[in-house]
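I have placed the structure first, in the form of structure tokens, so that the comments after it can refer back to it.
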Amino acid sequence: MAKKTEEGITIEKEKDIAEWYSQVCLKSELADYGSVKGTMVIRPRGYQIWQEIQDYFNKNIIEKTNVENAYFPLFVPESFFKKESQHAEGFQPEVAWLDKKVTGEGERLAIRPTSETIIYDSFSKWIRSYRDLPMKINQWCNIVRWETEATKLFLRSREFLWQEGHCAYETESECSKETINYIKLYEKLCKELLAIPVIVGQKTEKEKFAGAEKTYTIESFMPDGKALQCGTSHELGQGFAKAFKISFTDKNENPEIPWQNSWGLSTRLIGAIVMVHSDNKGLVLPPTLVKNKIAIIPIIKGEDKKVLKKAKEIEQTLKSFNPILDDRLEYTPGWKYHEYELNGIPIRIEIGPKDLEKNQAVVIRRDNGQKKFVPLKNLKKVVEEELKKMHKDLYDKAEKFLKSKIISAKNFNDLKKGIEERKLVLAPFCGSESCEDEIKEKTKGATTRCVPFGSKIPKSDCIHCKKKATCEVYFSKSY
RNA sequence: GGGGUUGUGGUGUAGCCUGGCUAGCAUAUGAGGUUUGGGACUUCAUGACCCCGGUUCAAAUCCGGGCAACCCCA
């Protein structure tokens, strides 16, 4: 049973989204601030969402693509870390180190900002023959990236939870194909489980993962006009394999180097869900993510026991939705409505004396407040339908929003104006890192999000430097 | 990286400028009573000045340092 909360959300999403976001996360009891700067406590309600994501992931991605879950150590020796130079350089600014004084050993230890290095050290011992390939490993773990900038619950914290998949293949083509497949599976997860539409594409040279040849990404767009990277899949080529001396003997007894990819998504997704779906009453969640999909609220008058009896019958009928029957007498129905709205319970069912007479119950949807008077015999069917509809409606609404924010830029002014208006701007681009830096500076913070899948090489010139464009890329501000 | 704002019971705040009584209010929490179709009422109880130092007869208030949070800009 939910505990009493002080009050609801006191600021509107439209007025101050940063404050609103914090309030929703804290007051709906998804998370709390940790005592150490930049850390967060994921509370049971938040962790439950993470578990739903894990369940979906293990069932639909890990099992179906023959990946095995495992666990690797938290600490990465500095010597491992330095083996792949681009990787080391890229992550260097945000790694937290354990000093030699602490370790008592000859070298510092990094607290993993990602686990390529320590996992590939194991791969070098485990991979001997083509018969060992493909090797496909995933781990669920925590990660530390010592951000110095302002942090935000779920979206940017120094420690977070994620999964990281690491695979090694015999051939480049198999590796490429699978790298793309994983990003598409992430897209599917966002749609089916989170009701969040994303743009799938490839990162530019500047934005790709340190040490990767190609990085694919899914990008969602937040109501405040900032993009949020929701998951990535990296084609690593043979760089790490060479650095970690991973090799195998092929069918013809020749020594070969395997091709690798890695892919991950994190608790950041929980932040995306809050941002995209929730409203001024509090949390709104796609029903798939919620264990207790229904709150049943009996309206009890005096000594009358009939209503409560009926409410208990309804509880039994709807058992598969794990309903909460809130028969507490110390709170008024109105109070309970607010409480379950704040906490994002998808459907509320009210049953009172008036309903008893008509043999019905009142079904209210959390996302749109829609109220339906439903004959008791149809209750289960209606609830089932509404839950399904709710998921679709949430997705459709978010997709409509996303589409409304996308514009195409023909010249640099369009781009600048679009960024000022907090849009997601598609523009022809040369692909150079320095050009990207200059655009960021001139637009006050626009970065490239991705080159969307299926886009063609434009015939026009780069929106900024006027050299020949090599791709069409989305620009926006981002988290 | 640069700038700004703010730290008072569990939570949100008043008081600070102009130092001085028992640190006020709301909400939450515990116990009791009355209630129950959109955050009911009531009685009693519990509970706070971020940390360290300085000035002073006297510091929540003034000064210095630290720590933390939030916001804006790069």
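Ligands are numbered from 1 in the order shown, chains are lettered A, B, ... in the order of the structure tokens, and residues start at 1 in each chain.
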(request) Show me which bits of chain B are within 9 Å of chain A, counting only C-alpha atoms (C1' of nucleotides), as a VMD selection string. (result) chain B and resid 11 27 to 28 35 to 40 68 70 74
Residue selection dump (C-alpha atoms (C1' of nucleotides)) as a PDB file, in the first residue's frame:
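Wrote it out as again.pdb, contents follow:
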```pdb
ATOM      1  C1'   U B  11       8.706  18.369   3.435  1.00  0.00           C
ATOM      2  C1'   U B  27       2.040  20.131   5.664  1.00  0.00           C
ATOM      3  C1'   A B  28       3.717  15.346   7.176  1.00  0.00           C
ATOM      4  C1'   U B  35     -16.060  11.734   8.487  1.00  0.00           C
ATOM      5  C1'   U B  36     -15.843   9.446   3.110  1.00  0.00           C
ATOM      6  C1'   G B  37     -18.413  10.396  -5.252  1.00  0.00           C
ATOM      7  C1'   G B  38     -11.889  15.187  -6.404  1.00  0.00           C
ATOM      8  C1'   G B  39      -6.509  16.299  -1.424  1.00  0.00           C
ATOM      9  C1'   A B  40     -12.570  16.555   5.179  1.00  0.00           C
ATOM     10  C1'   A B  68      25.696  20.970  -0.685  1.00  0.00           C
ATOM     11  C1'   C B  70      19.326  24.671  -7.860  1.00  0.00           C
ATOM     12  C1'   A B  74      29.997  28.368 -22.659  1.00  0.00           C
TER      13        A B  74
END
```
When DSSP works through the backbone of this structure, what residues of range 185-417 of chain A end up as helix (DSSP H, G or I), shown as a short mmCIF file (atom, residue, chain, number, x, y, z; two decimals) with N, CA and C atoms, in the first residue's frame?
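Contents of part_22.cif, freshly written:
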```cif
data_model
loop_
_atom_site.label_atom_id
_atom_site.label_comp_id
_atom_site.auth_asym_id
_atom_site.auth_seq_id
_atom_site.Cartn_x
_atom_site.Cartn_y
_atom_site.Cartn_z
N LEU A 185 16.55 -3.40 -32.37
CA LEU A 185 15.85 -4.03 -31.24
C LEU A 185 15.61 -3.00 -30.12
N TYR A 186 16.57 -2.08 -29.96
CA TYR A 186 16.37 -1.00 -28.98
C TYR A 186 15.19 -0.12 -29.38
N GLU A 187 15.12 0.17 -30.66
CA GLU A 187 14.01 0.98 -31.16
C GLU A 187 12.67 0.30 -30.83
N LYS A 188 12.66 -0.99 -31.04
CA LYS A 188 11.45 -1.78 -30.79
C LYS A 188 11.11 -1.76 -29.30
N LEU A 189 12.11 -1.89 -28.47
CA LEU A 189 11.89 -1.85 -27.02
C LEU A 189 11.26 -0.51 -26.63
N CYS A 190 11.78 0.56 -27.19
CA CYS A 190 11.25 1.89 -26.86
C CYS A 190 9.78 1.99 -27.24
N LYS A 191 9.45 1.43 -28.38
CA LYS A 191 8.06 1.51 -28.83
C LYS A 191 7.15 0.57 -28.05
N GLU A 192 7.54 -0.68 -27.96
CA GLU A 192 6.65 -1.69 -27.38
C GLU A 192 6.53 -1.59 -25.86
N LEU A 193 7.63 -1.23 -25.23
CA LEU A 193 7.62 -1.24 -23.78
C LEU A 193 7.43 0.15 -23.20
N LEU A 194 8.12 1.14 -23.76
CA LEU A 194 8.15 2.47 -23.16
C LEU A 194 7.19 3.45 -23.82
N GLY A 239 39.73 -3.03 -33.85
CA GLY A 239 40.63 -2.20 -33.05
C GLY A 239 40.88 -2.76 -31.66
N PHE A 240 39.80 -3.06 -30.95
CA PHE A 240 39.96 -3.61 -29.60
C PHE A 240 40.58 -5.00 -29.66
N ALA A 241 40.14 -5.79 -30.63
CA ALA A 241 40.65 -7.15 -30.74
C ALA A 241 42.17 -7.14 -30.91
N LYS A 242 42.66 -6.21 -31.73
CA LYS A 242 44.11 -6.10 -31.92
C LYS A 242 44.78 -5.63 -30.63
N ALA A 243 44.18 -4.63 -30.00
CA ALA A 243 44.77 -4.07 -28.78
C ALA A 243 44.84 -5.12 -27.66
N ARG A 268 18.79 5.82 -17.75
CA ARG A 268 18.40 7.08 -18.36
C ARG A 268 17.00 6.99 -19.00
N LEU A 269 16.70 5.79 -19.49
CA LEU A 269 15.39 5.57 -20.11
C LEU A 269 14.26 5.94 -19.17
N ILE A 270 14.46 5.72 -17.87
CA ILE A 270 13.42 6.05 -16.90
C ILE A 270 13.17 7.56 -16.91
N GLY A 271 14.26 8.32 -17.03
CA GLY A 271 14.12 9.77 -17.15
C GLY A 271 13.34 10.16 -18.40
N ALA A 272 13.60 9.46 -19.49
CA ALA A 272 12.89 9.75 -20.74
C ALA A 272 11.40 9.49 -20.59
N ILE A 273 11.05 8.41 -19.91
CA ILE A 273 9.64 8.07 -19.71
C ILE A 273 8.94 9.18 -18.94
N VAL A 274 9.59 9.64 -17.89
CA VAL A 274 9.01 10.72 -17.07
C VAL A 274 8.81 11.96 -17.93
N MET A 275 9.87 12.36 -18.62
CA MET A 275 9.82 13.57 -19.44
C MET A 275 8.73 13.52 -20.50
N VAL A 276 8.67 12.39 -21.19
CA VAL A 276 7.79 12.30 -22.35
C VAL A 276 6.32 12.16 -21.95
N HIS A 277 6.03 11.29 -20.98
CA HIS A 277 4.63 10.95 -20.73
C HIS A 277 3.95 11.69 -19.58
N PRO A 287 1.26 1.30 -19.34
CA PRO A 287 0.83 0.22 -18.43
C PRO A 287 1.79 -0.97 -18.40
N THR A 288 2.48 -1.21 -19.50
CA THR A 288 3.41 -2.35 -19.54
C THR A 288 4.47 -2.27 -18.46
N LEU A 289 4.75 -1.06 -17.98
CA LEU A 289 5.84 -0.88 -17.03
C LEU A 289 5.40 -0.93 -15.58
N LYS A 306 -21.79 -3.34 1.82
CA LYS A 306 -22.04 -3.92 0.49
C LYS A 306 -21.01 -3.46 -0.54
N VAL A 307 -20.68 -2.17 -0.47
CA VAL A 307 -19.74 -1.61 -1.45
C VAL A 307 -18.39 -2.31 -1.35
N LEU A 308 -17.94 -2.46 -0.11
CA LEU A 308 -16.64 -3.08 0.11
C LEU A 308 -16.63 -4.52 -0.40
N LYS A 309 -17.74 -5.20 -0.18
CA LYS A 309 -17.85 -6.58 -0.62
C LYS A 309 -17.72 -6.66 -2.16
N LYS A 310 -18.42 -5.74 -2.80
CA LYS A 310 -18.36 -5.72 -4.27
C LYS A 310 -16.95 -5.36 -4.75
N ALA A 311 -16.33 -4.42 -4.04
CA ALA A 311 -14.98 -4.02 -4.41
C ALA A 311 -14.02 -5.20 -4.34
N LYS A 312 -14.23 -6.03 -3.33
CA LYS A 312 -13.38 -7.21 -3.19
C LYS A 312 -13.63 -8.22 -4.31
N GLU A 313 -14.88 -8.29 -4.74
CA GLU A 313 -15.19 -9.16 -5.89
C GLU A 313 -14.45 -8.67 -7.14
N ILE A 314 -14.50 -7.35 -7.32
CA ILE A 314 -13.81 -6.77 -8.48
C ILE A 314 -12.32 -7.06 -8.39
N GLU A 315 -11.77 -6.94 -7.21
CA GLU A 315 -10.35 -7.22 -7.02
C GLU A 315 -10.01 -8.63 -7.50
N GLN A 316 -10.89 -9.58 -7.17
CA GLN A 316 -10.67 -10.96 -7.59
C GLN A 316 -10.75 -11.11 -9.11
N THR A 317 -11.80 -10.49 -9.68
CA THR A 317 -11.99 -10.57 -11.12
C THR A 317 -10.78 -10.06 -11.88
N LYS A 319 -7.65 -9.85 -10.88
CA LYS A 319 -6.42 -10.25 -10.18
C LYS A 319 -5.18 -10.22 -11.07
N SER A 320 -5.38 -10.54 -12.35
CA SER A 320 -4.23 -10.60 -13.26
C SER A 320 -3.59 -9.23 -13.48
N PHE A 321 -4.28 -8.16 -13.10
CA PHE A 321 -3.71 -6.81 -13.26
C PHE A 321 -3.09 -6.31 -11.95
N PRO A 333 -11.93 9.64 -0.63
CA PRO A 333 -11.70 9.21 -2.01
C PRO A 333 -10.88 10.22 -2.79
N GLY A 334 -11.21 11.49 -2.63
CA GLY A 334 -10.49 12.53 -3.38
C GLY A 334 -9.00 12.47 -3.11
N TRP A 335 -8.67 12.27 -1.87
CA TRP A 335 -7.26 12.18 -1.51
C TRP A 335 -6.60 11.02 -2.24
N LYS A 336 -7.31 9.91 -2.28
CA LYS A 336 -6.76 8.72 -2.94
C LYS A 336 -6.58 8.95 -4.45
N TYR A 337 -7.53 9.66 -5.06
CA TYR A 337 -7.42 9.93 -6.50
C TYR A 337 -6.09 10.63 -6.79
N HIS A 338 -5.84 11.67 -6.00
CA HIS A 338 -4.61 12.44 -6.20
C HIS A 338 -3.37 11.57 -6.02
N GLU A 339 -3.43 10.73 -5.01
CA GLU A 339 -2.29 9.89 -4.69
C GLU A 339 -1.95 8.94 -5.84
N TYR A 340 -2.96 8.28 -6.39
CA TYR A 340 -2.69 7.31 -7.45
C TYR A 340 -2.35 7.99 -8.77
N GLU A 341 -2.88 9.19 -8.94
CA GLU A 341 -2.49 9.96 -10.13
C GLU A 341 -1.02 10.35 -10.04
N LEU A 342 -0.62 10.82 -8.89
CA LEU A 342 0.79 11.20 -8.68
C LEU A 342 1.71 10.01 -8.96
N PRO A 353 -22.13 3.44 -3.81
CA PRO A 353 -23.54 3.02 -3.69
C PRO A 353 -24.33 3.22 -4.98
N LYS A 354 -24.07 4.35 -5.66
CA LYS A 354 -24.81 4.63 -6.90
C LYS A 354 -24.49 3.58 -7.98
N ASP A 355 -23.24 3.16 -8.00
CA ASP A 355 -22.82 2.17 -8.99
C ASP A 355 -23.42 0.80 -8.68
N LEU A 356 -23.49 0.54 -7.38
CA LEU A 356 -24.02 -0.73 -6.92
C LEU A 356 -25.45 -0.93 -7.45
N GLU A 357 -26.22 0.14 -7.37
CA GLU A 357 -27.61 0.08 -7.86
C GLU A 357 -27.65 -0.27 -9.34
N LYS A 358 -26.71 0.29 -10.09
CA LYS A 358 -26.73 0.10 -11.54
C LYS A 358 -25.86 -1.07 -11.99
N LEU A 376 -20.50 -4.31 -14.66
CA LEU A 376 -19.52 -5.16 -13.99
C LEU A 376 -19.11 -6.38 -14.82
N LYS A 377 -20.06 -6.91 -15.58
CA LYS A 377 -19.73 -8.12 -16.33
C LYS A 377 -18.73 -7.85 -17.46
N ASN A 378 -18.63 -6.58 -17.88
CA ASN A 378 -17.70 -6.24 -18.96
C ASN A 378 -16.37 -5.70 -18.45
N LEU A 379 -16.26 -5.59 -17.13
CA LEU A 379 -15.15 -4.85 -16.55
C LEU A 379 -13.78 -5.32 -17.03
N LYS A 380 -13.57 -6.62 -16.95
CA LYS A 380 -12.26 -7.16 -17.29
C LYS A 380 -11.89 -6.86 -18.74
N LYS A 381 -12.88 -7.05 -19.60
CA LYS A 381 -12.65 -6.82 -21.03
C LYS A 381 -12.32 -5.35 -21.29
N VAL A 382 -13.10 -4.47 -20.67
CA VAL A 382 -12.89 -3.04 -20.88
C VAL A 382 -11.52 -2.60 -20.37
N VAL A 383 -11.16 -3.09 -19.19
CA VAL A 383 -9.86 -2.74 -18.62
C VAL A 383 -8.74 -3.16 -19.56
N GLU A 384 -8.85 -4.36 -20.05
CA GLU A 384 -7.84 -4.89 -20.95
C GLU A 384 -7.69 -4.01 -22.19
N GLU A 385 -8.84 -3.65 -22.76
CA GLU A 385 -8.84 -2.79 -23.95
C GLU A 385 -8.24 -1.43 -23.65
N GLU A 386 -8.65 -0.85 -22.54
CA GLU A 386 -8.20 0.50 -22.22
C GLU A 386 -6.69 0.53 -21.98
N LEU A 387 -6.18 -0.50 -21.34
CA LEU A 387 -4.73 -0.56 -21.10
C LEU A 387 -3.97 -0.60 -22.42
N LYS A 388 -4.49 -1.39 -23.35
CA LYS A 388 -3.85 -1.48 -24.66
C LYS A 388 -3.92 -0.15 -25.39
N LYS A 389 -5.12 0.45 -25.34
CA LYS A 389 -5.32 1.73 -26.00
C LYS A 389 -4.42 2.80 -25.40
N MET A 390 -4.29 2.74 -24.09
CA MET A 390 -3.49 3.74 -23.40
C MET A 390 -2.05 3.73 -23.91
N HIS A 391 -1.52 2.52 -24.06
CA HIS A 391 -0.15 2.41 -24.56
C HIS A 391 -0.03 3.04 -25.95
N LYS A 392 -0.98 2.69 -26.79
CA LYS A 392 -0.95 3.21 -28.15
C LYS A 392 -1.15 4.72 -28.17
N ASP A 393 -2.07 5.20 -27.36
CA ASP A 393 -2.33 6.64 -27.32
C ASP A 393 -1.10 7.42 -26.85
N LEU A 394 -0.44 6.85 -25.84
CA LEU A 394 0.77 7.51 -25.34
C LEU A 394 1.83 7.60 -26.43
N TYR A 395 1.97 6.48 -27.15
CA TYR A 395 2.96 6.46 -28.23
C TYR A 395 2.58 7.44 -29.33
N ASP A 396 1.32 7.40 -29.73
CA ASP A 396 0.86 8.27 -30.81
C ASP A 396 1.05 9.74 -30.47
N LYS A 397 0.72 10.06 -29.22
CA LYS A 397 0.85 11.45 -28.78
C LYS A 397 2.32 11.89 -28.84
N ALA A 398 3.19 11.02 -28.35
CA ALA A 398 4.62 11.35 -28.35
C ALA A 398 5.16 11.44 -29.77
N GLU A 399 4.65 10.57 -30.64
CA GLU A 399 5.11 10.58 -32.02
C GLU A 399 4.66 11.84 -32.75
N LYS A 400 3.43 12.23 -32.46
CA LYS A 400 2.90 13.45 -33.05
C LYS A 400 3.76 14.65 -32.63
N PHE A 401 4.11 14.66 -31.36
CA PHE A 401 4.97 15.73 -30.85
C PHE A 401 6.32 15.74 -31.56
N LEU A 402 6.91 14.55 -31.63
CA LEU A 402 8.22 14.43 -32.28
C LEU A 402 8.17 14.96 -33.71
N LYS A 403 7.14 14.52 -34.44
CA LYS A 403 7.04 14.94 -35.84
C LYS A 403 6.84 16.45 -35.97
N SER A 404 6.11 17.01 -34.99
CA SER A 404 5.84 18.45 -35.05
C SER A 404 7.10 19.27 -34.81
N LYS A 405 8.12 18.63 -34.26
CA LYS A 405 9.35 19.37 -33.92
C LYS A 405 10.43 19.25 -34.98
N PHE A 412 21.93 28.20 -43.43
CA PHE A 412 22.38 28.27 -42.04
C PHE A 412 21.42 29.05 -41.14
N ASN A 413 20.77 30.04 -41.72
CA ASN A 413 19.78 30.81 -40.95
C ASN A 413 18.63 29.95 -40.47
N ASP A 414 18.17 29.08 -41.38
CA ASP A 414 17.10 28.13 -41.02
C ASP A 414 17.53 27.31 -39.80
N LEU A 415 18.78 26.85 -39.87
CA LEU A 415 19.30 26.00 -38.81
C LEU A 415 19.35 26.77 -37.49
N LYS A 416 19.90 27.95 -37.57
CA LYS A 416 20.05 28.77 -36.36
C LYS A 416 18.69 29.08 -35.75
N LYS A 417 17.76 29.44 -36.61
CA LYS A 417 16.42 29.79 -36.15
C LYS A 417 15.74 28.55 -35.55
#
```
(request) May I have all residues of range 131-289 of chain A that DSSP, computed from the backbone, assigns to strand (DSSP E), given as number ranges by chain? (result) A: 135-144, 159-169, 199-202, 214-221, 226-237, 248-249, 255-256, 259-266
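In this structure, CA of Val67 in chain A sits 15.4 Å away from CA of Trp126 in chain A.
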(message) With only C-alpha atoms (C1' of nucleotides) as the counted atoms, please give the residues lying no more than 12 Å from G54 in chain B, apart from itself and same-chain residues fewer than 2 positions off, as a PyMOL selection string.
(response) chain B and resi 52+56+59+62-65
Writer output for current selection, C-alpha atoms (C1' of nucleotides), as a tab-separated table (two decimals), in the first residue's frame:
```
chain	number	residue	atom	x	y	z
B	52	C	C1'	33.87	25.07	11.04
B	56	U	C1'	29.67	40.58	20.24
B	59	A	C1'	24.35	35.22	16.27
B	62	C	C1'	26.89	40.30	10.67
B	63	C	C1'	32.05	38.56	8.71
B	64	G	C1'	35.52	34.56	6.70
B	65	G	C1'	36.12	29.63	5.04
```
